[in-house]
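Here is data-v1.pdb, consisting of PDB, C-alpha atoms and all ligand atoms:
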MODEL        1
ATOM      1  CA  MET A   1     -88.648 -42.672-126.406
ATOM      2  CA  GLY A   2     -86.983 -45.701-127.980
ATOM      3  CA  LEU A   3     -84.728 -48.211-126.274
ATOM      4  CA  THR A   4     -81.178 -47.108-125.526
ATOM      5  CA  ASP A   5     -78.215 -49.201-126.685
ATOM      6  CA  ASN A   6     -77.670 -50.467-123.137
ATOM      7  CA  GLN A   7     -81.310 -51.475-122.799
ATOM      8  CA  LYS A   8     -81.113 -53.334-126.113
ATOM      9  CA  ARG A   9     -77.950 -55.134-124.977
ATOM     10  CA  LEU A  10     -79.695 -56.024-121.706
ATOM     11  CA  ILE A  11     -82.672 -57.553-123.511
ATOM     12  CA  GLN A  12     -80.316 -59.500-125.748
ATOM     13  CA  ALA A  13     -78.305 -60.857-122.799
ATOM     14  CA  VAL A  14     -81.445 -61.910-120.901
ATOM     15  CA  SER A  15     -82.771 -63.659-124.016
ATOM     16  CA  LEU A  16     -79.515 -65.574-124.298
ATOM     17  CA  ASN A  17     -79.644 -66.401-120.589
ATOM     18  CA  ASP A  18     -76.229 -64.786-120.132
ATOM     19  CA  ILE A  19     -76.555 -63.468-116.614
ATOM     20  CA  GLN A  20     -73.073 -62.000-116.352
ATOM     21  CA  ALA A  21     -73.517 -59.913-119.505
ATOM     22  CA  ALA A  22     -77.029 -58.966-118.393
ATOM     23  CA  LYS A  23     -75.691 -57.685-115.080
ATOM     24  CA  LYS A  24     -73.082 -55.537-116.813
ATOM     25  CA  CYS A  25     -75.705 -54.045-119.123
ATOM     26  CA  ALA A  26     -78.090 -53.452-116.211
ATOM     27  CA  ILE A  27     -75.308 -51.593-114.357
ATOM     28  CA  ALA A  28     -74.711 -49.492-117.483
ATOM     29  CA  CYS A  29     -78.471 -48.780-117.682
ATOM     30  CA  VAL A  30     -78.730 -47.494-114.110
ATOM     31  CA  ALA A  31     -75.501 -45.505-114.529
ATOM     32  CA  GLU A  32     -76.836 -43.637-117.546
ATOM     33  CA  ASP A  33     -80.018 -42.525-115.764
ATOM     34  CA  ALA A  34     -79.384 -39.130-114.123
ATOM     35  CA  THR A  35     -83.018 -38.264-113.334
ATOM     36  CA  ALA A  36     -83.949 -37.305-109.788
ATOM     37  CA  LYS A  37     -87.091 -39.469-109.816
ATOM     38  CA  ASN A  38     -85.054 -42.674-110.351
ATOM     39  CA  LYS A  39     -82.165 -41.779-108.056
ATOM     40  CA  TYR A  40     -83.154 -44.093-105.204
ATOM     41  CA  PHE A  41     -83.949 -46.983-107.574
ATOM     42  CA  CYS A  42     -80.683 -46.623-109.485
ATOM     43  CA  THR A  43     -78.515 -46.333-106.382
ATOM     44  CA  LYS A  44     -80.145 -49.337-104.763
ATOM     45  CA  TYR A  45     -79.939 -51.650-107.769
ATOM     46  CA  LYS A  46     -76.440 -50.554-108.721
ATOM     47  CA  ALA A  47     -75.336 -51.740-105.265
ATOM     48  CA  VAL A  48     -77.295 -54.993-105.595
ATOM     49  CA  LEU A  49     -75.969 -55.666-109.094
ATOM     50  CA  GLU A  50     -72.403 -55.026-108.043
ATOM     51  CA  SER A  51     -72.577 -57.228-104.948
ATOM     52  CA  THR A  52     -70.969 -60.640-105.232
ATOM     53  CA  GLY A  53     -73.833 -62.613-103.630
ATOM     54  CA  CYS A  54     -75.443 -65.186-105.857
ATOM     55  CA  ASN A  55     -78.935 -64.653-107.135
ATOM     56  CA  MET A  56     -81.444 -67.116-108.472
ATOM     57  CA  MET A  57     -80.444 -67.010-112.089
ATOM     58  CA  GLU A  58     -76.746 -67.376-111.405
ATOM     59  CA  LEU A  59     -77.389 -70.364-109.237
ATOM     60  CA  LEU A  60     -79.587 -71.870-111.894
ATOM     61  CA  GLN A  61     -76.695 -71.753-114.339
ATOM     62  CA  ASN A  62     -74.057 -73.008-111.927
ATOM     63  CA  LEU A  63     -76.033 -75.950-110.741
ATOM     64  CA  LYS A  64     -77.977 -76.877-113.812
ATOM     65  CA  GLY A  65     -79.456 -80.316-113.419
ATOM     66  CA  LEU A  66     -78.905 -80.688-109.704
ATOM     67  CA  LEU A  67     -80.738 -77.621-108.493
ATOM     68  CA  VAL A  68     -83.709 -75.843-109.950
ATOM     69  CA  LEU A  69     -85.117 -72.634-108.574
ATOM     70  CA  GLU A  70     -88.720 -71.927-109.225
ATOM     71  CA  ASP A  71     -90.822 -68.892-108.518
ATOM     72  CA  THR A  72     -94.012 -70.716-107.620
ATOM     73  CA  SER A  73     -95.922 -67.431-107.311
ATOM     74  CA  ILE A  74     -95.859 -67.487-111.123
ATOM     75  CA  SER A  75     -95.834 -71.197-111.906
ATOM     76  CA  PHE A  76     -98.063 -72.852-109.314
ATOM     77  CA  ARG A  77    -101.792 -72.961-110.050
ATOM     78  CA  GLU A  78    -103.558 -73.331-106.769
ATOM     79  CA  GLY A  79    -106.926 -73.623-108.503
ATOM     80  CA  ARG A  80    -105.759 -76.905-110.055
ATOM     81  CA  TYR A  81    -104.304 -78.406-106.907
ATOM     82  CA  TYR A  82    -106.404 -80.533-104.609
ATOM     83  CA  LEU A  83    -105.273 -80.434-100.987
ATOM     84  CA  SER A  84    -106.486 -83.471 -99.051
ATOM     85  CA  ASP A  85    -107.249 -83.165 -95.330
ATOM     86  CA  ARG A  86    -104.162 -85.273 -94.574
ATOM     87  CA  GLU A  87    -101.766 -82.974 -96.433
ATOM     88  CA  ALA A  88    -103.601 -79.895 -95.106
ATOM     89  CA  ALA A  89    -102.714 -81.072 -91.593
ATOM     90  CA  VAL A  90     -99.043 -81.466 -92.605
ATOM     91  CA  PHE A  91     -99.090 -77.996 -94.102
ATOM     92  CA  ARG A  92    -100.525 -76.541 -90.888
ATOM     93  CA  GLY A  93     -97.756 -78.292 -88.948
ATOM     94  CA  ILE A  94     -95.087 -76.793 -91.207
ATOM     95  CA  THR A  95     -96.620 -73.324 -90.851
ATOM     96  CA  ARG A  96     -96.818 -73.608 -87.078
ATOM     97  CA  MET A  97     -93.218 -74.817 -86.936
ATOM     98  CA  ARG A  98     -92.180 -71.824 -88.987
ATOM     99  CA  LYS A  99     -93.476 -69.520 -86.245
ATOM    100  CA  VAL A 100     -91.961 -71.647 -83.479
ATOM    101  CA  ASN A 101     -88.653 -71.665 -85.345
ATOM    102  CA  ALA A 102     -88.564 -67.893 -85.572
ATOM    103  CA  ARG A 103     -88.883 -67.805 -81.775
ATOM    104  CA  LEU A 104     -86.226 -70.507 -81.364
ATOM    105  CA  MET A 105     -83.921 -68.482 -83.583
ATOM    106  CA  GLU A 106     -84.305 -65.483 -81.271
ATOM    107  CA  LEU A 107     -83.344 -67.750 -78.378
ATOM    108  CA  GLY A 108     -80.311 -68.966 -80.300
ATOM    109  CA  ILE A 109     -81.609 -72.519 -80.626
ATOM    110  CA  PRO A 110     -80.991 -74.043 -84.064
ATOM    111  CA  TYR A 111     -83.780 -76.229 -85.377
ATOM    112  CA  VAL A 112     -84.589 -77.324 -88.912
ATOM    113  CA  ASN A 113     -88.225 -77.327 -90.025
ATOM    114  CA  SER A 114     -88.003 -80.618 -91.885
ATOM    115  CA  THR A 115     -90.633 -82.992 -93.213
ATOM    116  CA  LEU A 116     -90.101 -86.214 -95.106
ATOM    117  CA  LEU A 117     -92.850 -87.265 -97.493
ATOM    118  CA  TYR A 118     -92.943 -90.883 -98.528
ATOM    119  CA  GLY A 119     -95.355 -92.974-100.505
ATOM    120  CA  GLU A 120     -96.115 -94.434-103.889
ATOM    121  CA  SER A 121     -95.185 -92.764-107.125
ATOM    122  CA  GLY A 122     -97.662 -90.223-108.462
ATOM    123  CA  THR A 123     -99.317 -89.422-105.144
ATOM    124  CA  GLY A 124     -98.287 -85.769-105.231
ATOM    125  CA  LYS A 125     -95.187 -85.575-103.007
ATOM    126  CA  THR A 126     -93.231 -83.256-105.294
ATOM    127  CA  THR A 127     -96.323 -81.186-106.027
ATOM    128  CA  PHE A 128     -96.972 -80.732-102.314
ATOM    129  CA  GLY A 129     -93.476 -79.234-101.941
ATOM    130  CA  ARG A 130     -94.325 -76.675-104.617
ATOM    131  CA  TYR A 131     -97.612 -75.961-102.876
ATOM    132  CA  VAL A 132     -95.800 -75.250 -99.595
ATOM    133  CA  ALA A 133     -93.418 -72.819-101.356
ATOM    134  CA  TYR A 134     -96.357 -71.116-103.034
ATOM    135  CA  LYS A 135     -98.345 -70.701 -99.822
ATOM    136  CA  ALA A 136     -95.310 -69.714 -97.750
ATOM    137  CA  GLU A 137     -94.352 -67.188-100.467
ATOM    138  CA  LEU A 138     -90.807 -68.496-100.492
ATOM    139  CA  PRO A 139     -88.536 -69.432-103.403
ATOM    140  CA  TYR A 140     -88.753 -73.128-104.249
ATOM    141  CA  CYS A 141     -85.274 -74.568-104.291
ATOM    142  CA  TYR A 142     -85.513 -78.041-105.784
ATOM    143  CA  MET A 143     -82.798 -80.694-105.705
ATOM    144  CA  ASN A 144     -83.388 -84.059-107.314
ATOM    145  CA  PHE A 145     -80.948 -86.837-106.547
ATOM    146  CA  SER A 146     -82.198 -89.385-109.060
ATOM    147  CA  GLY A 147     -79.774 -88.387-111.830
ATOM    148  CA  LEU A 148     -76.855 -88.150-109.472
ATOM    149  CA  VAL A 149     -75.226 -91.507-109.904
ATOM    150  CA  ASP A 150     -74.364 -91.133-113.553
ATOM    151  CA  SER A 151     -74.025 -87.438-114.113
ATOM    152  CA  TYR A 152     -72.645 -85.767-111.052
ATOM    153  CA  MET A 153     -70.153 -88.032-109.386
ATOM    154  CA  GLY A 154     -67.080 -86.149-108.354
ATOM    155  CA  SER A 155     -68.425 -82.619-108.411
ATOM    156  CA  THR A 156     -71.580 -83.482-106.482
ATOM    157  CA  SER A 157     -70.394 -82.736-102.945
ATOM    158  CA  LYS A 158     -69.169 -79.336-104.118
ATOM    159  CA  ASN A 159     -72.487 -78.646-105.875
ATOM    160  CA  ILE A 160     -74.481 -79.751-102.828
ATOM    161  CA  SER A 161     -72.475 -77.259-100.757
ATOM    162  CA  LYS A 162     -73.229 -74.503-103.277
ATOM    163  CA  ALA A 163     -76.925 -75.327-103.266
ATOM    164  CA  PHE A 164     -77.035 -75.312 -99.486
ATOM    165  CA  SER A 165     -75.115 -72.031 -99.413
ATOM    166  CA  TYR A 166     -78.017 -70.540-101.287
ATOM    167  CA  ALA A 167     -80.484 -71.946 -98.749
ATOM    168  CA  ILE A 168     -78.369 -70.723 -95.827
ATOM    169  CA  SER A 169     -78.444 -67.146 -97.056
ATOM    170  CA  ASN A 170     -81.991 -67.080 -98.520
ATOM    171  CA  PRO A 171     -85.075 -68.286 -96.681
ATOM    172  CA  CYS A 172     -86.668 -70.830 -99.012
ATOM    173  CA  VAL A 173     -88.414 -74.155 -99.304
ATOM    174  CA  LEU A 174     -85.596 -76.588 -99.946
ATOM    175  CA  MET A 175     -86.943 -79.727-101.556
ATOM    176  CA  LEU A 176     -84.675 -82.771-101.503
ATOM    177  CA  ASP A 177     -86.393 -85.103-103.938
ATOM    178  CA  GLU A 178     -85.815 -88.823-104.416
ATOM    179  CA  ILE A 179     -83.398 -88.930-101.495
ATOM    180  CA  ASP A 180     -83.282 -92.722-101.561
ATOM    181  CA  CYS A 181     -81.008 -92.420-104.607
ATOM    182  CA  ILE A 182     -78.112 -91.068-102.582
ATOM    183  CA  SER A 183     -78.524 -93.544 -99.830
ATOM    184  CA  ILE A 184     -78.562 -96.854-101.684
ATOM    185  CA  ALA A 185     -74.927 -96.956-102.609
ATOM    186  CA  ARG A 186     -73.837 -95.755 -99.187
ATOM    187  CA  SER A 187     -75.281 -98.835 -97.559
ATOM    188  CA  GLY A 188     -74.419-100.889-100.647
ATOM    189  CA  SER A 189     -70.892-102.029-101.324
ATOM    190  CA  GLY A 190     -69.349-100.652 -98.136
ATOM    191  CA  ASP A 191     -66.020 -99.977 -99.856
ATOM    192  CA  SER A 192     -64.450 -96.566 -99.450
ATOM    193  CA  SER A 193     -63.292 -96.259-103.046
ATOM    194  CA  GLY A 194     -65.251 -96.249-106.324
ATOM    195  CA  SER A 195     -68.881 -95.187-106.580
ATOM    196  CA  GLY A 196     -69.896 -96.623-103.181
ATOM    197  CA  GLY A 197     -67.273 -94.534-101.430
ATOM    198  CA  GLU A 198     -68.136 -91.437-103.423
ATOM    199  CA  MET A 199     -71.801 -91.919-102.597
ATOM    200  CA  ALA A 200     -70.975 -92.243 -98.911
ATOM    201  CA  ARG A 201     -69.071 -88.950 -99.086
ATOM    202  CA  ILE A 202     -72.014 -87.293-100.851
ATOM    203  CA  THR A 203     -74.479 -88.505 -98.224
ATOM    204  CA  ILE A 204     -72.215 -87.362 -95.384
ATOM    205  CA  SER A 205     -71.696 -83.979 -97.001
ATOM    206  CA  LEU A 206     -75.464 -83.634 -97.468
ATOM    207  CA  MET A 207     -76.034 -84.339 -93.783
ATOM    208  CA  GLN A 208     -73.341 -81.893 -92.719
ATOM    209  CA  GLU A 209     -74.923 -79.188 -94.854
ATOM    210  CA  PHE A 210     -78.330 -80.092 -93.463
ATOM    211  CA  ASP A 211     -77.065 -79.468 -89.929
ATOM    212  CA  ARG A 212     -75.879 -75.992 -90.915
ATOM    213  CA  LEU A 213     -79.285 -74.863 -92.174
ATOM    214  CA  PRO A 214     -80.818 -71.882 -90.396
ATOM    215  CA  ASN A 215     -84.246 -72.024 -88.746
ATOM    216  CA  ASP A 216     -85.980 -70.085 -91.514
ATOM    217  CA  VAL A 217     -85.500 -72.728 -94.223
ATOM    218  CA  ILE A 218     -88.296 -75.253 -94.727
ATOM    219  CA  VAL A 219     -86.872 -78.608 -95.796
ATOM    220  CA  ILE A 220     -89.080 -81.132 -97.522
ATOM    221  CA  GLY A 221     -87.645 -84.501 -98.457
ATOM    222  CA  ALA A 222     -89.421 -86.981-100.701
ATOM    223  CA  THR A 223     -88.981 -90.624-101.545
ATOM    224  CA  ASN A 224     -91.018 -93.555-102.720
ATOM    225  CA  ARG A 225     -88.511 -95.966-101.132
ATOM    226  CA  ILE A 226     -88.271 -94.944 -97.493
ATOM    227  CA  ASP A 227     -86.863 -98.403 -96.723
ATOM    228  CA  ARG A 228     -83.744 -97.446 -98.687
ATOM    229  CA  VAL A 229     -83.094 -94.127 -96.972
ATOM    230  CA  ASP A 230     -80.065 -94.024 -94.768
ATOM    231  CA  ASP A 231     -81.025 -94.050 -91.054
ATOM    232  CA  ALA A 232     -78.860 -91.063 -90.213
ATOM    233  CA  LEU A 233     -80.500 -89.037 -92.974
ATOM    234  CA  LEU A 234     -83.942 -90.213 -91.885
ATOM    235  CA  ARG A 235     -83.314 -88.944 -88.358
ATOM    236  CA  ARG A 236     -82.779 -85.420 -89.680
ATOM    237  CA  PHE A 237     -86.455 -85.157 -90.588
ATOM    238  CA  SER A 238     -88.558 -84.215 -87.583
ATOM    239  CA  VAL A 239     -91.841 -85.149 -89.323
ATOM    240  CA  LYS A 240     -92.339 -88.211 -91.516
ATOM    241  CA  HIS A 241     -95.578 -88.325 -93.403
ATOM    242  CA  GLU A 242     -96.924 -90.987 -95.720
ATOM    243  CA  VAL A 243     -98.643 -89.462 -98.748
ATOM    244  CA  LYS A 244    -101.425 -91.827 -99.746
ATOM    245  CA  ALA A 245    -103.260 -92.058-103.021
ATOM    246  CA  LEU A 246    -106.457 -90.005-103.047
ATOM    247  CA  SER A 247    -109.755 -91.818-102.454
ATOM    248  CA  GLN A 248    -112.452 -91.962-105.167
ATOM    249  CA  GLU A 249    -114.294 -89.006-103.579
ATOM    250  CA  GLU A 250    -111.095 -86.973-103.347
ATOM    251  CA  LYS A 251    -110.159 -87.706-106.960
ATOM    252  CA  THR A 252    -113.648 -86.658-108.033
ATOM    253  CA  ALA A 253    -113.248 -83.404-106.113
ATOM    254  CA  MET A 254    -109.780 -82.923-107.673
ATOM    255  CA  VAL A 255    -111.136 -83.373-111.217
ATOM    256  CA  LYS A 256    -114.031 -80.982-110.574
ATOM    257  CA  ARG A 257    -111.680 -78.403-109.113
ATOM    258  CA  PHE A 258    -109.397 -78.638-112.148
ATOM    259  CA  LEU A 259    -112.329 -78.379-114.565
ATOM    260  CA  SER A 260    -113.768 -75.393-112.756
ATOM    261  CA  ASP A 261    -110.378 -73.656-112.945
ATOM    262  CA  VAL A 262    -110.152 -74.159-116.709
ATOM    263  CA  GLY A 263    -113.838 -73.359-117.203
ATOM    264  CA  ILE A 264    -114.886 -76.674-118.782
ATOM    265  CA  SER A 265    -117.495 -79.134-117.545
ATOM    266  CA  PHE A 266    -118.001 -82.843-118.133
ATOM    267  CA  PRO A 267    -121.000 -85.000-117.197
ATOM    268  CA  ASP A 268    -120.680 -86.917-113.905
ATOM    269  CA  GLU A 269    -120.500 -90.290-115.714
ATOM    270  CA  GLU A 270    -117.443 -89.154-117.686
ATOM    271  CA  ILE A 271    -115.801 -87.905-114.500
ATOM    272  CA  ALA A 272    -116.539 -91.254-112.819
ATOM    273  CA  THR A 273    -114.860 -93.120-115.708
ATOM    274  CA  LEU A 274    -111.803 -90.881-115.469
ATOM    275  CA  VAL A 275    -111.558 -91.285-111.699
ATOM    276  CA  ALA A 276    -111.572 -95.064-112.045
ATOM    277  CA  GLN A 277    -108.317 -94.929-114.042
ATOM    278  CA  GLY A 278    -105.985 -95.127-111.033
ATOM    279  CA  ASN A 279    -104.119 -92.725-108.778
ATOM    280  CA  GLN A 280    -104.351 -88.944-109.142
ATOM    281  CA  SER A 281    -101.461 -88.721-111.546
ATOM    282  CA  LEU A 282    -103.107 -91.173-113.971
ATOM    283  CA  VAL A 283    -106.472 -89.495-113.510
ATOM    284  CA  LEU A 284    -105.008 -86.093-114.334
ATOM    285  CA  ASN A 285    -103.287 -87.437-117.435
ATOM    286  CA  GLY A 286    -106.585 -88.972-118.544
ATOM    287  CA  LEU A 287    -108.406 -85.730-117.796
ATOM    288  CA  ILE A 288    -105.989 -83.685-119.903
ATOM    289  CA  ARG A 289    -106.367 -86.128-122.812
ATOM    290  CA  HIS A 290    -110.142 -85.855-122.425
ATOM    291  CA  ILE A 291    -109.999 -82.062-122.487
ATOM    292  CA  ALA A 292    -107.774 -82.206-125.583
ATOM    293  CA  GLU A 293    -110.303 -84.485-127.325
ATOM    294  CA  ARG A 294    -113.135 -82.119-126.430
ATOM    295  CA  ILE A 295    -111.219 -79.158-127.881
ATOM    296  CA  SER A 296    -110.293 -81.172-130.948
ATOM    297  CA  GLU A 297    -113.999 -81.970-131.546
ATOM    298  CA  GLU A 298    -114.932 -78.336-131.047
ATOM    299  CA  ILE A 299    -112.458 -77.028-133.606
ATOM    300  CA  ALA A 300    -113.160 -79.804-136.148
TER
HETATM  301  N1  LIG B   1    -103.370 -83.371-104.994
HETATM  302  C1  LIG B   1    -103.150 -83.132-106.284
HETATM  303  N2  LIG B   1    -103.839 -82.184-106.963
HETATM  304  C2  LIG B   1    -103.613 -81.965-108.265
HETATM  305  N3  LIG B   1    -102.676 -82.600-109.001
HETATM  306  C3  LIG B   1    -101.953 -83.547-108.377
HETATM  307  C4  LIG B   1    -102.138 -83.853-107.007
HETATM  308  N4  LIG B   1    -101.277 -84.838-106.667
HETATM  309  C5  LIG B   1    -100.581 -85.114-107.785
HETATM  310  N5  LIG B   1    -100.982 -84.351-108.797
HETATM  311  C6  LIG B   1    -100.463 -84.378-110.186
HETATM  312  O1  LIG B   1    -100.003 -85.689-110.408
HETATM  313  C7  LIG B   1     -98.729 -85.681-111.041
HETATM  314  C8  LIG B   1     -97.723 -86.459-110.236
HETATM  315  O2  LIG B   1     -97.520 -85.816-108.989
HETATM  316  P1  LIG B   1     -96.096 -85.770-108.300
HETATM  317  O3  LIG B   1     -95.017 -85.734-109.313
HETATM  318  O4  LIG B   1     -96.133 -84.678-107.288
HETATM  319  O5  LIG B   1     -96.070 -87.182-107.565
HETATM  320  P2  LIG B   1     -94.888 -87.845-106.719
HETATM  321  O6  LIG B   1     -95.519 -88.440-105.507
HETATM  322  O7  LIG B   1     -93.819 -86.842-106.492
HETATM  323  O8  LIG B   1     -94.400 -88.992-107.673
HETATM  324  P3  LIG B   1     -92.945 -89.709-107.748
HETATM  325  O9  LIG B   1     -92.812 -90.512-106.484
HETATM  326  O10 LIG B   1     -93.027 -90.544-108.971
HETATM  327  O11 LIG B   1     -91.938 -88.614-107.854
HETATM  328  C9  LIG B   1     -98.354 -84.221-111.224
HETATM  329  O12 LIG B   1     -98.606 -83.894-112.570
HETATM  330  C10 LIG B   1     -99.274 -83.442-110.321
HETATM  331  O13 LIG B   1     -99.630 -82.246-110.908
HETATM  332 MG    MG B   2     -91.818 -86.768-107.087
ENDMDL
END
Written as C-alpha cells, how would this file's structure read?
Ligand SMILES: Nc1ncnc2c1ncn2[C@@H]1O[C@H](COP(=O)(O)OP(=O)(O)OP(=O)(O)O)[C@@H](O)[C@H]1O
Ligand SMILES: [Mg+2]
Amino acid sequence: MGLTDNQKRLIQAVSLNDIQAAKKCAIACVAEDATAKNKYFCTKYKAVLESTGCNMMELLQNLKGLLVLEDTSISFREGRYYLSDREAAVFRGITRMRKVNARLMELGIPYVNSTLLYGESGTGKTTFGRYVAYKAELPYCYMNFSGLVDSYMGSTSKNISKAFSYAISNPCVLMLDEIDCISIARSGSGDSSGSGGEMARITISLMQEFDRLPNDVIVIGATNRIDRVDDALLRRFSVKHEVKALSQEEKTAMVKRFLSDVGISFPDEEIATLVAQGNQSLVLNGLIRHIAERISEEIA
C-alpha cells in the first residue's frame, strides 16, 4: 500500500522542520485509521498530539541558539569516550544522589542534584554532561551562555524561564555551560541600567528558576573560569569538581579505546607521538587527522 496524502504531507512537514504542520498532519493520519489493531495507538497519540504541552522539537525551535535538546541515546558513542577514575567517581555520586533525591521527593524535601565542573578548556566538561545524560537515559537539555551577551539580551530572561519550564516538567540532564559568561557583567559595572543591569537580571532570573527545579532533574554546570562565577550561583551547586587534563597513560587508553571502536589500529610509537600533542581534545583532533591520512593512503 502506498503512502496516503496525509502521510506524504507529514513527511514533507518533518523534512521542513515545521512542527506545527507536522502535528496537524499526524493528527489527520491517526484520525483516518479506523482499524481495530491500531485503536489504542491512535487514541493515545491523538491525545498527546492535541495536548498543549511542549515537546522536544517545539522547544528546539522556540529557543534556538540558547537551548539545544539532544537525544544522547542516538548521538553519544560510549565506545569512543574515555571515563577517567576521577569522573567515574563524580558520576557515581550523581547516580547515588538521584536515588537519594527520589526519597527526598517522597518526603517533600526539595533538593537539586547539581554538580559544577570546572577546569581548563578541552578537558571534557561538556562531553561529561552528555555522558551523564546517556547513562542516565535522560534527555540532554543543553544551555550555553557564551553567546548570550550579544544575541539574547532582552529576551533572555524569558527564554531562560521557558527552558527551565521544560526541565521542571520533564526529568532531564540540564547542562548550564559556560556559566561564567552570565556572571561577569553582573559583578562588572554595578549599574542597574544598560548591559550590566540586564545581565544582573538574567543571573537573578537563572537562580530563581534554579530554585524551582524538582528533585528529578540533574543539573550540571560547566566553566573554565570558576573565579568569575557569581558566588550566589556557585552556592547552588552542591558538588564542585575540577576536571583535569588526562595523564599520558589515560590519553593512551583513550586513543586505544577510540581506535578499537572504529576498528583501526596504529603502532604504539604512532600512538605515543599523538598522545604527546597536548590535552585530550588536541590528541583526539590529531588522531582524527591521522585516521583521515590513513584512509586517504588506502584509497589512493
Ligand atoms: N574523556 C574523553 N574521552 C573522549 N573524548 C574526549 C574526552 N574528553 C574530551 N574529549 C573530546 O575532546 C573535545 C573537547 O571536549 P569538551 O568540549 O567536552 O571540553 P570542555 O572541557 O567542555 O572544553 P571548553 O572548556 O573549551 O568548553 C571533544 O571533541 C570531546 O569529544
Ligand atoms: Mg565545554
Item to check | Expected selection as a PyMOL selection string for ligand MG 2 (chain B) within 8 Å, only C-alpha atoms and all ligand atoms | outcome: chain A and resi 121-122+124-127+177-178+222-223
Next on the checklist: Taking all atoms listed in the file into account, list the residues no farther than 10 Å from ligand LIG 1 (chain B), as a ChimeraX atom specification.
Outcome noted: /A:76-84,87,117-131,144,146,177-178,222-225,243-246,250-251,253-255,257-258,279-285
Checklist entry - Using the chain letters and numbers from the file, which residues does the PyMOL selection byres (((chain A and resi 133) around 12) and not hetatm) grab, as an MDAnalysis selection string? => result chainID A and resid 69:76 78 91 94:95 126:132 134:142 171:175 217:220
Could you dump the residues just selected with C-alpha atoms as a PDB file, in the frame of the given file?
ATOM      1  CA  LEU A  69     -85.117 -72.634-108.574  1.00  0.00           C
ATOM      2  CA  GLU A  70     -88.720 -71.927-109.225  1.00  0.00           C
ATOM      3  CA  ASP A  71     -90.822 -68.892-108.518  1.00  0.00           C
ATOM      4  CA  THR A  72     -94.012 -70.716-107.620  1.00  0.00           C
ATOM      5  CA  SER A  73     -95.922 -67.431-107.311  1.00  0.00           C
ATOM      6  CA  ILE A  74     -95.859 -67.487-111.123  1.00  0.00           C
ATOM      7  CA  SER A  75     -95.834 -71.197-111.906  1.00  0.00           C
ATOM      8  CA  PHE A  76     -98.063 -72.852-109.314  1.00  0.00           C
ATOM      9  CA  GLU A  78    -103.558 -73.331-106.769  1.00  0.00           C
ATOM     10  CA  PHE A  91     -99.090 -77.996 -94.102  1.00  0.00           C
ATOM     11  CA  ILE A  94     -95.087 -76.793 -91.207  1.00  0.00           C
ATOM     12  CA  THR A  95     -96.620 -73.324 -90.851  1.00  0.00           C
ATOM     13  CA  THR A 126     -93.231 -83.256-105.294  1.00  0.00           C
ATOM     14  CA  THR A 127     -96.323 -81.186-106.027  1.00  0.00           C
ATOM     15  CA  PHE A 128     -96.972 -80.732-102.314  1.00  0.00           C
ATOM     16  CA  GLY A 129     -93.476 -79.234-101.941  1.00  0.00           C
ATOM     17  CA  ARG A 130     -94.325 -76.675-104.617  1.00  0.00           C
ATOM     18  CA  TYR A 131     -97.612 -75.961-102.876  1.00  0.00           C
ATOM     19  CA  VAL A 132     -95.800 -75.250 -99.595  1.00  0.00           C
ATOM     20  CA  TYR A 134     -96.357 -71.116-103.034  1.00  0.00           C
ATOM     21  CA  LYS A 135     -98.345 -70.701 -99.822  1.00  0.00           C
ATOM     22  CA  ALA A 136     -95.310 -69.714 -97.750  1.00  0.00           C
ATOM     23  CA  GLU A 137     -94.352 -67.188-100.467  1.00  0.00           C
ATOM     24  CA  LEU A 138     -90.807 -68.496-100.492  1.00  0.00           C
ATOM     25  CA  PRO A 139     -88.536 -69.432-103.403  1.00  0.00           C
ATOM     26  CA  TYR A 140     -88.753 -73.128-104.249  1.00  0.00           C
ATOM     27  CA  CYS A 141     -85.274 -74.568-104.291  1.00  0.00           C
ATOM     28  CA  TYR A 142     -85.513 -78.041-105.784  1.00  0.00           C
ATOM     29  CA  PRO A 171     -85.075 -68.286 -96.681  1.00  0.00           C
ATOM     30  CA  CYS A 172     -86.668 -70.830 -99.012  1.00  0.00           C
ATOM     31  CA  VAL A 173     -88.414 -74.155 -99.304  1.00  0.00           C
ATOM     32  CA  LEU A 174     -85.596 -76.588 -99.946  1.00  0.00           C
ATOM     33  CA  MET A 175     -86.943 -79.727-101.556  1.00  0.00           C
ATOM     34  CA  VAL A 217     -85.500 -72.728 -94.223  1.00  0.00           C
ATOM     35  CA  ILE A 218     -88.296 -75.253 -94.727  1.00  0.00           C
ATOM     36  CA  VAL A 219     -86.872 -78.608 -95.796  1.00  0.00           C
ATOM     37  CA  ILE A 220     -89.080 -81.132 -97.522  1.00  0.00           C
TER      38      ILE A 220
END
Next on the checklist: With all atoms listed in the file as the counted atoms, please give the residues lying no more than 10 Å from Asn113 in chain A, apart from itself and same-chain residues fewer than 2 positions off, as a PyMOL selection string.
Outcome noted: chain A and resi 93-98+100-101+110-111+115+173+213-220+236-239
Next on the checklist: From the options A:Gln20, A:Ser114, A:Ser265, A:Asn159, which residue's atoms come nearest to Lys240 in chain A, counting only C-alpha atoms?
Outcome noted: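 Between A:Gln20, A:Ser114, A:Ser265, A:Asn159, the residue approaching Lys240 in chain A most closely is A:Ser114.
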Hey, can I get the axis-aligned box for range 113-127 of chain A? All listed atoms, 3 Å padding on each side, centre and edge lengths in Å to one decimal, as lines of an AutoDock Vina configuration file.
center_x = -93.7
center_y = -85.9
center_z = -99.2
size_x = 17.3
size_y = 23.1
size_z = 24.4
Checklist entry - Separation of CA of Ala102 in chain A and CA of Val68 in chain A, in Å? => result 26.1 Å
Checklist entry - What lies within 8 Å of Ser161 in chain A using only C-alpha atoms, ignoring chain neighbours under 4 positions off, as a list in words? => result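 Surrounding residues, per the criterion: Ser157, Ser165, Ser205, Leu206 and Glu209 of chain A.
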Given the file shown, determine the residues that the PyMOL selection byres (((chain A and resi 227) around 12) and not hetatm) selects; report them as a CSV table (one decimal) with C-alpha atoms, keeping the file's coordinate frame.
chain,number,residue,atom,x,y,z
A,118,TYR,CA,-92.9,-90.9,-98.5
A,119,GLY,CA,-95.4,-93.0,-100.5
A,179,ILE,CA,-83.4,-88.9,-101.5
A,180,ASP,CA,-83.3,-92.7,-101.6
A,181,CYS,CA,-81.0,-92.4,-104.6
A,183,SER,CA,-78.5,-93.5,-99.8
A,184,ILE,CA,-78.6,-96.9,-101.7
A,187,SER,CA,-75.3,-98.8,-97.6
A,223,THR,CA,-89.0,-90.6,-101.5
A,224,ASN,CA,-91.0,-93.6,-102.7
A,225,ARG,CA,-88.5,-96.0,-101.1
A,226,ILE,CA,-88.3,-94.9,-97.5
A,228,ARG,CA,-83.7,-97.4,-98.7
A,229,VAL,CA,-83.1,-94.1,-97.0
A,230,ASP,CA,-80.1,-94.0,-94.8
A,231,ASP,CA,-81.0,-94.0,-91.1
A,233,LEU,CA,-80.5,-89.0,-93.0
A,234,LEU,CA,-83.9,-90.2,-91.9
